[in-house]
Structure formats: structure tokens, C-alpha cells
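Structure file model23.cif (mmCIF, C-alpha atoms, pLDDT in the B column; chains and numbers go by the auth columns) is printed below.
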data_start
#
loop_
_atom_site.group_PDB
_atom_site.id
_atom_site.type_symbol
_atom_site.label_atom_id
_atom_site.label_comp_id
_atom_site.label_asym_id
_atom_site.label_seq_id
_atom_site.Cartn_x
_atom_site.Cartn_y
_atom_site.Cartn_z
_atom_site.B_iso_or_equiv
_atom_site.auth_seq_id
_atom_site.auth_asym_id
ATOM 1 C CA LYS A 1 -3.827 -22.860 -14.155 57.00 1 A
ATOM 2 C CA TYR A 2 -3.329 -20.529 -11.217 60.00 2 A
ATOM 3 C CA LYS A 3 -6.422 -21.159 -9.141 60.00 3 A
ATOM 4 C CA GLY A 4 -6.290 -20.128 -5.501 59.00 4 A
ATOM 5 C CA LEU A 5 -3.359 -19.198 -3.283 62.00 5 A
ATOM 6 C CA ILE A 6 -2.242 -22.682 -2.218 69.00 6 A
ATOM 7 C CA GLY A 7 -2.734 -24.173 -5.676 69.00 7 A
ATOM 8 C CA SER A 8 -0.747 -21.363 -7.292 69.00 8 A
ATOM 9 C CA ILE A 9 2.144 -21.800 -4.827 72.00 9 A
ATOM 10 C CA LYS A 10 2.274 -25.529 -5.571 74.00 10 A
ATOM 11 C CA THR A 11 2.148 -24.946 -9.333 74.00 11 A
ATOM 12 C CA ILE A 12 4.963 -22.381 -9.297 71.00 12 A
ATOM 13 C CA ALA A 13 7.139 -24.490 -6.997 71.00 13 A
ATOM 14 C CA LYS A 14 6.605 -27.564 -9.188 73.00 14 A
ATOM 15 C CA GLU A 15 7.243 -25.861 -12.529 71.00 15 A
ATOM 16 C CA GLU A 16 9.979 -23.369 -11.594 70.00 16 A
ATOM 17 C CA GLY A 17 11.317 -24.554 -8.244 70.00 17 A
ATOM 18 C CA SER A 18 10.711 -23.153 -4.779 73.00 18 A
ATOM 19 C CA SER A 19 13.185 -20.316 -5.382 67.00 19 A
ATOM 20 C CA ALA A 20 10.759 -18.868 -7.927 69.00 20 A
ATOM 21 C CA LEU A 21 8.472 -17.923 -5.052 73.00 21 A
ATOM 22 C CA PHE A 22 11.062 -15.320 -4.021 74.00 22 A
ATOM 23 C CA LYS A 23 11.741 -13.815 -7.436 79.00 23 A
ATOM 24 C CA GLY A 24 11.916 -10.056 -7.309 81.00 24 A
ATOM 25 C CA TRP A 25 12.199 -9.850 -3.529 85.00 25 A
ATOM 26 C CA LEU A 26 15.059 -7.305 -3.542 90.00 26 A
ATOM 27 C CA PRO A 27 13.481 -4.641 -5.812 91.00 27 A
ATOM 28 C CA THR A 28 10.257 -5.241 -3.872 89.00 28 A
ATOM 29 C CA PHE A 29 12.029 -4.618 -0.561 91.00 29 A
ATOM 30 C CA ILE A 30 13.906 -1.528 -1.760 93.00 30 A
ATOM 31 C CA GLY A 31 10.999 -0.024 -3.692 92.00 31 A
ATOM 32 C CA TYR A 32 8.360 -0.461 -1.031 88.00 32 A
ATOM 33 C CA SER A 33 10.737 0.694 1.710 90.00 33 A
ATOM 34 C CA ILE A 34 11.215 3.960 -0.166 93.00 34 A
ATOM 35 C CA GLN A 35 7.535 4.228 -0.959 92.00 35 A
ATOM 36 C CA GLY A 36 6.438 3.450 2.591 89.00 36 A
ATOM 37 C CA SER A 37 8.794 5.999 4.120 89.00 37 A
ATOM 38 C CA LEU A 38 7.591 8.719 1.765 93.00 38 A
ATOM 39 C CA LYS A 39 3.939 7.706 2.065 93.00 39 A
ATOM 40 C CA PHE A 40 3.674 7.752 5.850 89.00 40 A
ATOM 41 C CA GLY A 41 6.046 10.663 6.343 89.00 41 A
ATOM 42 C CA LEU A 42 4.457 12.881 3.710 94.00 42 A
ATOM 43 C CA TYR A 43 0.959 11.943 4.878 93.00 43 A
ATOM 44 C CA GLU A 44 1.689 13.576 8.224 89.00 44 A
ATOM 45 C CA PHE A 45 3.144 16.611 6.431 93.00 45 A
ATOM 46 C CA PHE A 46 0.196 17.035 4.057 96.00 46 A
ATOM 47 C CA LYS A 47 -2.384 16.293 6.744 93.00 47 A
ATOM 48 C CA ASP A 48 -0.878 19.064 8.845 92.00 48 A
ATOM 49 C CA PHE A 49 -0.671 21.339 5.786 95.00 49 A
ATOM 50 C CA TYR A 50 -4.330 20.871 4.824 95.00 50 A
ATOM 51 C CA SER A 51 -5.421 21.084 8.463 94.00 51 A
ATOM 52 C CA ASN A 52 -3.759 24.486 8.722 94.00 52 A
ATOM 53 C CA LEU A 53 -5.466 25.573 5.504 93.00 53 A
ATOM 54 C CA ALA A 54 -8.844 24.537 6.922 92.00 54 A
ATOM 55 C CA GLY A 55 -8.160 26.168 10.263 91.00 55 A
ATOM 56 C CA GLN A 56 -8.565 24.787 13.755 86.00 56 A
ATOM 57 C CA ASP A 57 -12.299 25.486 13.875 87.00 57 A
ATOM 58 C CA ASN A 58 -12.974 23.630 10.613 91.00 58 A
ATOM 59 C CA TYR A 59 -10.630 20.659 11.019 90.00 59 A
ATOM 60 C CA TYR A 60 -13.187 18.269 12.516 89.00 60 A
ATOM 61 C CA ARG A 61 -15.852 19.192 9.976 91.00 61 A
ATOM 62 C CA TYR A 62 -13.534 18.640 7.016 93.00 62 A
ATOM 63 C CA ARG A 63 -11.353 15.883 8.462 92.00 63 A
ATOM 64 C CA ASP A 64 -12.511 13.275 5.888 94.00 64 A
ATOM 65 C CA ILE A 65 -11.438 15.526 3.019 95.00 65 A
ATOM 66 C CA ILE A 66 -8.150 16.222 4.809 95.00 66 A
ATOM 67 C CA TYR A 67 -7.459 12.465 5.183 94.00 67 A
ATOM 68 C CA LEU A 68 -8.174 11.890 1.484 96.00 68 A
ATOM 69 C CA ALA A 69 -6.257 14.898 0.194 96.00 69 A
ATOM 70 C CA GLY A 70 -3.276 14.256 2.475 96.00 70 A
ATOM 71 C CA SER A 71 -2.942 10.607 1.521 95.00 71 A
ATOM 72 C CA ALA A 72 -3.407 11.282 -2.220 96.00 72 A
ATOM 73 C CA SER A 73 -0.765 14.027 -2.177 97.00 73 A
ATOM 74 C CA ALA A 74 1.698 11.819 -0.309 97.00 74 A
ATOM 75 C CA GLU A 75 1.199 8.921 -2.706 96.00 75 A
ATOM 76 C CA VAL A 76 1.977 11.028 -5.786 96.00 76 A
ATOM 77 C CA PHE A 77 5.537 11.491 -4.536 96.00 77 A
ATOM 78 C CA ALA A 78 5.868 8.045 -2.956 96.00 78 A
ATOM 79 C CA ASP A 79 5.140 6.365 -6.300 95.00 79 A
ATOM 80 C CA ILE A 80 7.882 8.324 -8.036 95.00 80 A
ATOM 81 C CA GLY A 81 10.293 6.594 -5.652 94.00 81 A
ATOM 82 C CA LEU A 82 8.643 3.215 -6.138 94.00 82 A
ATOM 83 C CA SER A 83 8.188 3.200 -9.923 92.00 83 A
ATOM 84 C CA PRO A 84 11.667 2.078 -11.093 93.00 84 A
ATOM 85 C CA PHE A 85 11.812 -0.799 -8.628 93.00 85 A
ATOM 86 C CA GLU A 86 8.226 -1.839 -9.303 90.00 86 A
ATOM 87 C CA GLN A 87 8.959 -2.037 -13.031 90.00 87 A
ATOM 88 C CA ILE A 88 11.960 -4.274 -12.412 92.00 88 A
ATOM 89 C CA LYS A 89 10.046 -6.443 -9.934 90.00 89 A
ATOM 90 C CA VAL A 90 7.092 -7.023 -12.230 86.00 90 A
ATOM 91 C CA LYS A 91 9.361 -7.752 -15.215 87.00 91 A
ATOM 92 C CA VAL A 92 11.325 -10.306 -13.178 87.00 92 A
ATOM 93 C CA GLN A 93 8.194 -11.978 -11.838 83.00 93 A
ATOM 94 C CA THR A 94 6.132 -12.082 -15.025 81.00 94 A
ATOM 95 C CA SER A 95 8.739 -12.904 -17.690 82.00 95 A
ATOM 96 C CA ILE A 96 8.865 -16.429 -19.060 78.00 96 A
ATOM 97 C CA PRO A 97 11.617 -18.316 -17.143 78.00 97 A
ATOM 98 C CA GLY A 98 14.959 -17.947 -18.890 78.00 98 A
ATOM 99 C CA THR A 99 14.024 -14.851 -20.912 82.00 99 A
ATOM 100 C CA PHE A 100 14.900 -12.212 -18.313 86.00 100 A
ATOM 101 C CA PRO A 101 17.428 -12.132 -15.434 84.00 101 A
ATOM 102 C CA THR A 102 16.119 -12.703 -11.930 84.00 102 A
ATOM 103 C CA ALA A 103 19.074 -11.183 -10.028 86.00 103 A
ATOM 104 C CA PHE A 104 18.476 -7.523 -9.238 87.00 104 A
ATOM 105 C CA GLY A 105 21.765 -6.186 -10.673 88.00 105 A
ATOM 106 C CA GLU A 106 21.454 -8.095 -13.941 88.00 106 A
ATOM 107 C CA ALA A 107 17.774 -7.212 -14.272 89.00 107 A
ATOM 108 C CA TYR A 108 18.554 -3.524 -13.746 89.00 108 A
ATOM 109 C CA THR A 109 21.311 -3.600 -16.364 90.00 109 A
ATOM 110 C CA LYS A 110 19.103 -5.314 -18.944 90.00 110 A
ATOM 111 C CA ILE A 111 16.055 -3.117 -18.455 90.00 111 A
ATOM 112 C CA THR A 112 18.081 0.115 -18.551 90.00 112 A
ATOM 113 C CA SER A 113 19.876 -0.973 -21.742 89.00 113 A
ATOM 114 C CA ASP A 114 16.572 -1.591 -23.538 87.00 114 A
ATOM 115 C CA PRO A 115 15.401 1.691 -25.132 85.00 115 A
ATOM 116 C CA THR A 116 11.887 0.302 -25.530 82.00 116 A
ATOM 117 C CA SER A 117 11.450 -0.482 -21.824 84.00 117 A
ATOM 118 C CA GLY A 118 10.419 3.067 -20.909 84.00 118 A
ATOM 119 C CA PHE A 119 12.418 2.704 -17.682 85.00 119 A
ATOM 120 C CA PRO A 120 12.135 4.155 -15.062 88.00 120 A
ATOM 121 C CA PHE A 121 8.682 5.731 -15.323 88.00 121 A
ATOM 122 C CA LYS A 122 6.805 3.755 -17.995 84.00 122 A
ATOM 123 C CA THR A 123 4.350 2.384 -15.448 82.00 123 A
ATOM 124 C CA LEU A 124 4.147 5.509 -13.272 90.00 124 A
ATOM 125 C CA VAL A 125 0.737 6.671 -14.511 88.00 125 A
ATOM 126 C CA PRO A 126 -0.819 3.177 -14.192 82.00 126 A
ATOM 127 C CA LEU A 127 0.915 2.954 -10.810 85.00 127 A
ATOM 128 C CA TRP A 128 -0.748 6.203 -9.751 90.00 128 A
ATOM 129 C CA SER A 129 -4.087 4.845 -10.931 84.00 129 A
ATOM 130 C CA ARG A 130 -3.579 1.843 -8.671 79.00 130 A
ATOM 131 C CA GLN A 131 -1.782 3.305 -5.689 85.00 131 A
ATOM 132 C CA ILE A 132 -3.517 6.661 -5.207 90.00 132 A
ATOM 133 C CA PRO A 133 -7.018 5.145 -4.776 84.00 133 A
ATOM 134 C CA TYR A 134 -5.392 2.360 -2.713 82.00 134 A
ATOM 135 C CA THR A 135 -3.667 4.810 -0.387 90.00 135 A
ATOM 136 C CA MET A 136 -6.682 7.098 -0.089 91.00 136 A
ATOM 137 C CA ALA A 137 -8.749 4.090 0.967 86.00 137 A
ATOM 138 C CA LYS A 138 -5.964 2.834 3.224 88.00 138 A
ATOM 139 C CA PHE A 139 -5.597 6.056 5.217 92.00 139 A
ATOM 140 C CA TYR A 140 -9.230 7.124 5.123 93.00 140 A
ATOM 141 C CA PHE A 141 -10.633 3.791 6.304 91.00 141 A
ATOM 142 C CA PHE A 142 -7.893 3.438 8.899 92.00 142 A
ATOM 143 C CA GLU A 143 -8.695 6.832 10.396 92.00 143 A
ATOM 144 C CA LYS A 144 -12.450 6.179 10.285 93.00 144 A
ATOM 145 C CA VAL A 145 -12.352 2.612 11.644 93.00 145 A
ATOM 146 C CA LYS A 146 -10.019 3.643 14.444 92.00 146 A
ATOM 147 C CA GLU A 147 -12.313 6.550 15.246 92.00 147 A
ATOM 148 C CA LEU A 148 -15.311 4.184 15.391 93.00 148 A
ATOM 149 C CA PHE A 149 -13.445 1.772 17.679 94.00 149 A
ATOM 150 C CA TYR A 150 -12.840 4.543 20.188 93.00 150 A
ATOM 151 C CA GLN A 151 -16.354 5.889 19.776 92.00 151 A
ATOM 152 C CA TYR A 152 -18.340 2.661 20.165 93.00 152 A
ATOM 153 C CA VAL A 153 -16.093 -0.094 21.556 93.00 153 A
ATOM 154 C CA PHE A 154 -13.277 1.406 23.621 92.00 154 A
ATOM 155 C CA THR A 155 -15.297 4.234 25.081 91.00 155 A
ATOM 156 C CA ALA A 156 -13.230 5.044 28.176 91.00 156 A
ATOM 157 C CA PRO A 157 -10.750 7.935 28.023 89.00 157 A
ATOM 158 C CA LYS A 158 -7.930 7.030 25.639 86.00 158 A
ATOM 159 C CA ASP A 159 -5.232 7.534 28.237 85.00 159 A
ATOM 160 C CA SER A 160 -6.860 4.844 30.400 88.00 160 A
ATOM 161 C CA TYR A 161 -5.850 2.085 27.956 88.00 161 A
ATOM 162 C CA SER A 162 -2.452 0.433 27.857 87.00 162 A
ATOM 163 C CA LYS A 163 -0.052 0.718 24.929 85.00 163 A
ATOM 164 C CA PRO A 164 -0.690 -2.893 23.820 88.00 164 A
ATOM 165 C CA THR A 165 -4.430 -2.141 23.706 91.00 165 A
ATOM 166 C CA HIS A 166 -3.879 0.955 21.562 88.00 166 A
ATOM 167 C CA LEU A 167 -1.570 -0.978 19.235 89.00 167 A
ATOM 168 C CA GLY A 168 -4.109 -3.813 19.014 91.00 168 A
ATOM 169 C CA ILE A 169 -6.757 -1.294 17.952 92.00 169 A
ATOM 170 C CA THR A 170 -4.292 0.068 15.418 91.00 170 A
ATOM 171 C CA PHE A 171 -3.649 -3.372 13.928 91.00 171 A
ATOM 172 C CA ALA A 172 -7.354 -4.226 13.709 92.00 172 A
ATOM 173 C CA SER A 173 -8.131 -0.863 12.112 92.00 173 A
ATOM 174 C CA GLY A 174 -5.268 -1.319 9.661 90.00 174 A
ATOM 175 C CA TYR A 175 -6.384 -4.815 8.713 91.00 175 A
ATOM 176 C CA ILE A 176 -9.939 -3.671 7.972 91.00 176 A
ATOM 177 C CA ALA A 177 -8.586 -0.713 5.996 88.00 177 A
ATOM 178 C CA GLY A 178 -6.334 -3.119 4.088 87.00 178 A
ATOM 179 C CA VAL A 179 -9.295 -5.198 2.954 89.00 179 A
ATOM 180 C CA ALA A 180 -11.029 -2.068 1.670 85.00 180 A
ATOM 181 C CA CYS A 181 -8.012 -0.732 -0.202 80.00 181 A
ATOM 182 C CA ALA A 182 -7.222 -4.154 -1.708 83.00 182 A
ATOM 183 C CA ILE A 183 -10.670 -4.153 -3.310 85.00 183 A
ATOM 184 C CA VAL A 184 -10.327 -0.550 -4.518 79.00 184 A
ATOM 185 C CA SER A 185 -6.894 -1.024 -6.125 76.00 185 A
ATOM 186 C CA HIS A 186 -7.154 -4.560 -7.485 81.00 186 A
ATOM 187 C CA PRO A 187 -8.345 -3.823 -11.049 83.00 187 A
ATOM 188 C CA ALA A 188 -5.506 -1.346 -11.673 77.00 188 A
ATOM 189 C CA ASP A 189 -2.986 -3.748 -10.125 76.00 189 A
ATOM 190 C CA THR A 190 -4.089 -6.461 -12.546 81.00 190 A
ATOM 191 C CA VAL A 191 -3.705 -4.101 -15.509 79.00 191 A
ATOM 192 C CA VAL A 192 -0.217 -2.918 -14.430 73.00 192 A
ATOM 193 C CA SER A 193 1.002 -6.516 -14.121 73.00 193 A
ATOM 194 C CA LYS A 194 -0.360 -7.398 -17.558 76.00 194 A
ATOM 195 C CA MET A 195 1.212 -4.272 -19.080 73.00 195 A
ATOM 196 C CA SER A 196 4.668 -5.176 -17.794 63.00 196 A
ATOM 197 C CA LYS A 197 4.342 -8.719 -19.084 67.00 197 A
ATOM 198 C CA SER A 198 2.848 -8.070 -22.521 69.00 198 A
ATOM 199 C CA GLY A 199 3.868 -4.522 -23.361 68.00 199 A
ATOM 200 C CA LYS A 200 0.300 -3.701 -24.379 73.00 200 A
ATOM 201 C CA SER A 201 -1.525 -0.517 -23.432 74.00 201 A
ATOM 202 C CA ALA A 202 -3.887 -0.311 -20.471 73.00 202 A
ATOM 203 C CA GLY A 203 -6.841 0.126 -22.824 77.00 203 A
ATOM 204 C CA ALA A 204 -5.963 -2.988 -24.822 80.00 204 A
ATOM 205 C CA ILE A 205 -5.610 -5.087 -21.675 82.00 205 A
ATOM 206 C CA LEU A 206 -8.900 -3.829 -20.260 81.00 206 A
ATOM 207 C CA GLY A 207 -10.572 -4.754 -23.522 81.00 207 A
ATOM 208 C CA GLU A 208 -9.161 -8.287 -23.361 80.00 208 A
ATOM 209 C CA LEU A 209 -9.945 -8.926 -19.700 80.00 209 A
ATOM 210 C CA GLY A 210 -13.340 -7.286 -19.424 80.00 210 A
ATOM 211 C CA PHE A 211 -14.941 -6.312 -16.123 77.00 211 A
ATOM 212 C CA ALA A 212 -14.835 -9.796 -14.592 77.00 212 A
ATOM 213 C CA GLY A 213 -11.233 -10.461 -15.631 80.00 213 A
ATOM 214 C CA VAL A 214 -9.696 -7.603 -13.678 81.00 214 A
ATOM 215 C CA TRP A 215 -10.947 -9.127 -10.407 84.00 215 A
ATOM 216 C CA GLY A 216 -9.022 -12.396 -10.710 79.00 216 A
ATOM 217 C CA GLY A 217 -6.941 -13.211 -7.627 78.00 217 A
ATOM 218 C CA LEU A 218 -8.781 -10.762 -5.378 83.00 218 A
ATOM 219 C CA SER A 219 -9.082 -13.149 -2.419 83.00 219 A
ATOM 220 C CA THR A 220 -5.308 -13.694 -2.330 81.00 220 A
ATOM 221 C CA ARG A 221 -4.722 -9.937 -2.521 82.00 221 A
ATOM 222 C CA ILE A 222 -7.152 -9.298 0.335 85.00 222 A
ATOM 223 C CA LEU A 223 -5.312 -11.798 2.545 85.00 223 A
ATOM 224 C CA MET A 224 -1.927 -10.312 1.715 81.00 224 A
ATOM 225 C CA ILE A 225 -2.844 -6.613 1.781 82.00 225 A
ATOM 226 C CA GLY A 226 -5.047 -6.879 4.863 85.00 226 A
ATOM 227 C CA THR A 227 -2.247 -8.440 6.898 86.00 227 A
ATOM 228 C CA LEU A 228 0.434 -6.178 5.429 84.00 228 A
ATOM 229 C CA THR A 229 -1.560 -3.011 6.046 85.00 229 A
ATOM 230 C CA GLY A 230 -2.347 -4.022 9.615 88.00 230 A
ATOM 231 C CA LEU A 231 1.355 -4.614 10.271 88.00 231 A
ATOM 232 C CA GLN A 232 2.363 -1.347 8.594 86.00 232 A
ATOM 233 C CA TRP A 233 0.060 0.674 10.813 87.00 233 A
ATOM 234 C CA TRP A 234 1.146 -1.302 13.889 88.00 234 A
ATOM 235 C CA ILE A 235 4.835 -0.598 13.130 88.00 235 A
ATOM 236 C CA TYR A 236 4.089 3.051 12.374 85.00 236 A
ATOM 237 C CA ASP A 237 2.128 3.598 15.587 85.00 237 A
ATOM 238 C CA THR A 238 4.769 1.706 17.573 86.00 238 A
ATOM 239 C CA PHE A 239 7.381 4.112 16.234 84.00 239 A
ATOM 240 C CA LYS A 240 5.202 7.146 17.047 81.00 240 A
ATOM 241 C CA THR A 241 4.612 5.805 20.559 78.00 241 A
ATOM 242 C CA ALA A 242 8.337 5.159 21.048 78.00 242 A
ATOM 243 C CA VAL A 243 9.256 8.745 20.159 76.00 243 A
ATOM 244 C CA GLY A 244 6.434 10.180 22.245 71.00 244 A
ATOM 245 C CA ILE A 245 4.030 11.415 19.563 69.00 245 A
ATOM 246 C CA GLY A 246 1.415 8.675 19.795 62.00 246 A
ATOM 247 C CA ILE A 247 -1.725 8.512 21.935 62.00 247 A
ATOM 248 C CA GLN A 248 -0.994 8.831 25.638 55.00 248 A
ATOM 249 C CA SER A 249 -1.450 5.447 27.339 54.00 249 A
ATOM 250 C CA LYS A 250 -2.085 4.194 30.839 58.00 250 A
ATOM 251 C CA LYS A 251 1.164 3.922 32.806 50.00 251 A
ATOM 252 C CA HIS A 252 1.891 0.833 34.833 44.00 252 A
#
Could you write out this file's structure as C-alpha cells?
Amino acid sequence: KYKGLIGSIKTIAKEEGSSALFKGWLPTFIGYSIQGSLKFGLYEFFKDFYSNLAGQDNYYRYRDIIYLAGSASAEVFADIGLSPFEQIKVKVQTSIPGTFPTAFGEAYTKITSDPTSGFPFKTLVPLWSRQIPYTMAKFYFFEKVKELFYQYVFTAPKDSYSKPTHLGITFASGYIAGVACAIVSHPADTVVSKMSKSGKSAGAILGELGFAGVWGGLSTRILMIGTLTGLQWWIYDTFKTAVGIGIQSKKH
């Protein structure tokens, strides 16, 4: 019955009320704030770490591997911070109305008191299977798309462009990277959601859904993740520019 973004919003609002569209917003906000901070911060740490291992002379040659290894390493730790909140969020959002609390405090109390819930790390491995490929695609494609923009479109010296131009390039690069990582991570995201709702194993759910089933809702995810990723990179580069560690821009 959930067919398309607009149709799904109307169905949920009609059956559960408009407030249902915001179920799980607090664990989502807390969890992804923690994850985002660790992801972006540790990416810079691991990128620098692997760059030093490669050496200055080899950095450019092996930069793709450094992007992938740095982002994967960062995501391992970021997901440990996200996992408890993601489990609560998914349980709140996917439970039949009336069978599980929707308020964050009550949901936390109920899930922690249930010895069968596996809280807080039951979904960590499936989360890694979703988020690590997602993040590797997110950072790799961002770095590559941004590199291509400066190589083929904005070909003047980087310091000749204004800060808004640089940030616009960042947003566009992030949006394109978001589309790529949404596609890469979607099957695992579908499985994780089904696991939290049904309690079945990943293998059992994959068997039920089949190859075609794990791609349901991809267009909505692309719209959401593309925009979100673009904004994340824009905010991140804005912060780096504000503290003086971004690309030098033209001064007016």
C-alpha cells in the first residue's frame, strides 16, 4: 500500500495521523548527530593516518585507496555510536501502532527491559553492512566528483573563486555522491528495517524478498540521501572554511 513518496505520506497521515510522520525523530537526531561527528572527524584522522603511511610521494597515486580506507575505518566507530539509537528508531517506526511506545524515554525503557531485544548492538553487524559501503561511496564519490569539477569545469586557480562558489561545488559534489551511496546501501537498509520489525535473520529476510524486493523505495531514498548528503558536505566545508582549514578563496 506504500507506493511512492507522496502516496506513502498521505497513507500514513490518514491511518495514523500526521504526528506519525515524526515518529522516532529524537533517537534519529541524537544517533545521527553522534554518528556524523565521528564519521567526519575520524575520516580526517584516518585519511591523514593512511596518507602518512603511504608517504608524500605516493599519496596522489594511492589517494583512491586512502579515501576508501579512511572512510571505512571511520564508519566502523561511528556506527558503534549510532547503533543503540538506530535500533530504538527503527523499532518505534516499524512497530504496529499501539504495540510499542513512541516517546524516546519510554521506548528506551521498554527495549532495554526486554532480554530478547539484543539492545544495544543487535543490529550493529547489519548496520555495518549498510553503512560502511554507504560511507565509502559517500566519501569516495564526493572526493572524485569534486576533483573532476575543478579539473574540467572550474579550471581557474582555486583561490580565484569565491567562498560561495566553492561551497556550491561542495553541495553539488555531495548531492551526486549521495545518489551513488543511496544505491549502494539500499539493499542492506531494507534488510535492517525488516529485521527490526520482524525479528527474523538477515538470511531469512533476503530469502523472502529476493533480489527485486530489496530495491523497493529506492527513488525516495535517493531523493532524501542525495539532499541530505549535499547539505552535510556543505555544512562540513562551511565549518572548515570558518576555522581556516578549507580551500583558500578569492577575497573581496
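Surrounding stretch 76-87 of chain A within 8 Å are A:Pro27, A:Thr28, A:Ile30, A:Gly31, A:Tyr32, A:Ile34, A:Gln35, A:Gly36, A:Ser37, A:Leu38, A:Lys39, A:Phe119, A:Pro120, A:Phe121, A:Lys122, A:Thr123, A:Leu124, A:Leu127, A:Trp128, A:Gln131, A:Ile132, A:Ser196, with only C-alpha atoms counted and residues fewer than 5 positions along the same chain left out.
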Take the residues just selected and output them with C-alpha atoms as a PDB file, in the coordinates of the input.
ATOM      1  CA  PRO A  27      13.481  -4.641  -5.812  1.00 91.00           C
ATOM      2  CA  THR A  28      10.257  -5.241  -3.872  1.00 89.00           C
ATOM      3  CA  ILE A  30      13.906  -1.528  -1.760  1.00 93.00           C
ATOM      4  CA  GLY A  31      10.999  -0.024  -3.692  1.00 92.00           C
ATOM      5  CA  TYR A  32       8.360  -0.461  -1.031  1.00 88.00           C
ATOM      6  CA  ILE A  34      11.215   3.960  -0.166  1.00 93.00           C
ATOM      7  CA  GLN A  35       7.535   4.228  -0.959  1.00 92.00           C
ATOM      8  CA  GLY A  36       6.438   3.450   2.591  1.00 89.00           C
ATOM      9  CA  SER A  37       8.794   5.999   4.120  1.00 89.00           C
ATOM     10  CA  LEU A  38       7.591   8.719   1.765  1.00 93.00           C
ATOM     11  CA  LYS A  39       3.939   7.706   2.065  1.00 93.00           C
ATOM     12  CA  PHE A 119      12.418   2.704 -17.682  1.00 85.00           C
ATOM     13  CA  PRO A 120      12.135   4.155 -15.062  1.00 88.00           C
ATOM     14  CA  PHE A 121       8.682   5.731 -15.323  1.00 88.00           C
ATOM     15  CA  LYS A 122       6.805   3.755 -17.995  1.00 84.00           C
ATOM     16  CA  THR A 123       4.350   2.384 -15.448  1.00 82.00           C
ATOM     17  CA  LEU A 124       4.147   5.509 -13.272  1.00 90.00           C
ATOM     18  CA  LEU A 127       0.915   2.954 -10.810  1.00 85.00           C
ATOM     19  CA  TRP A 128      -0.748   6.203  -9.751  1.00 90.00           C
ATOM     20  CA  GLN A 131      -1.782   3.305  -5.689  1.00 85.00           C
ATOM     21  CA  ILE A 132      -3.517   6.661  -5.207  1.00 90.00           C
ATOM     22  CA  SER A 196       4.668  -5.176 -17.794  1.00 63.00           C
TER      23      SER A 196
END
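Atom CA of A:Ile88 is positioned 6.8 Å from atom CA of A:Ala107.
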### Task
Could you jot down the atom CA of A:Thr109 to atom CA of A:Ser193 separation for me, Å, one decimal place?
20.6 Å
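Closest approach to A:Trp233 among A:Ile205, A:Tyr140, A:Leu68, A:Phe40 is made by A:Phe40 (distances from all atoms listed in the file).
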### Task
Would you write out, as a ChimeraX atom specification, every residue that the PyMOL selection byres ((chain A and resi 21) around 12) captures in this file?
/A:8-20,22-25,92-94,102
### Residue with smallest distance to A:Leu167 - pool A:Asp237, A:Asp64, A:Asp57, A:Glu75, counting only C-alpha atoms
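Of the candidates, the smallest distance to A:Leu167 is held by A:Asp237.
Comparing A:Cys181, A:Tyr161, A:Phe100, A:Lys89 by their smallest distance to A:Asp114, the closest is A:Phe100 (using all atoms listed in the file).
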Report, as JSON, the axis-aligned box around all atoms of stretch 140-145 of chain A present in the file, extended by 3 Å on each side; give centre and edge lengths in Å to one decimal place.
{"center_x": -10.2, "center_y": 4.9, "center_z": 8.4, "size_x": 10.6, "size_y": 10.5, "size_z": 12.5}
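Each of A:Thr241, A:Ser160, A:Thr229, A:Thr190 was checked against A:Gly216 using only C-alpha atoms; the smallest atom-to-atom distance is that of A:Thr190.
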### Task
Go through A:Ala188, A:Ala74, A:Leu218, A:Ile169 one by one, measure the shortest atom-to-atom distance of each to A:Thr135 using all atoms listed in the file, and give the residue with the smallest value.
A:Ala74
If the PyMOL selection byres ((chain A and resi 144) around 10) is run on the structure shown, which residues does it catch, given as a short mmCIF file (atom, residue, chain, number, x, y, z; two decimals) with C-alpha atoms, keeping the file's coordinate frame?
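Output contents, as saved in selection_21.cif:
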data_model
loop_
_atom_site.label_atom_id
_atom_site.label_comp_id
_atom_site.auth_asym_id
_atom_site.auth_seq_id
_atom_site.Cartn_x
_atom_site.Cartn_y
_atom_site.Cartn_z
CA ARG A 63 -11.35 15.88 8.46
CA ASP A 64 -12.51 13.28 5.89
CA TYR A 67 -7.46 12.46 5.18
CA PHE A 139 -5.60 6.06 5.22
CA TYR A 140 -9.23 7.12 5.12
CA PHE A 141 -10.63 3.79 6.30
CA PHE A 142 -7.89 3.44 8.90
CA GLU A 143 -8.70 6.83 10.40
CA VAL A 145 -12.35 2.61 11.64
CA LYS A 146 -10.02 3.64 14.44
CA GLU A 147 -12.31 6.55 15.25
CA LEU A 148 -15.31 4.18 15.39
CA PHE A 149 -13.44 1.77 17.68
CA SER A 173 -8.13 -0.86 12.11
CA ALA A 177 -8.59 -0.71 6.00
#
### Query
Which is closer to A:Leu53 than all the others in A:Pro187, A:Gly41, A:Gly70, A:Gly105, using only C-alpha atoms?
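Using only C-alpha atoms, the shortest distance to A:Leu53 belongs to A:Gly70.
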### Query
Do you know which residues the PyMOL selection byres ((chain A and resi 51) around 12) returns on this file, as an MDAnalysis selection string?
chainID A and resid 43:50 52:70
### Summary
re atom CA of A:Val153 and atom CA of A:Leu228: distance 23.9 Å
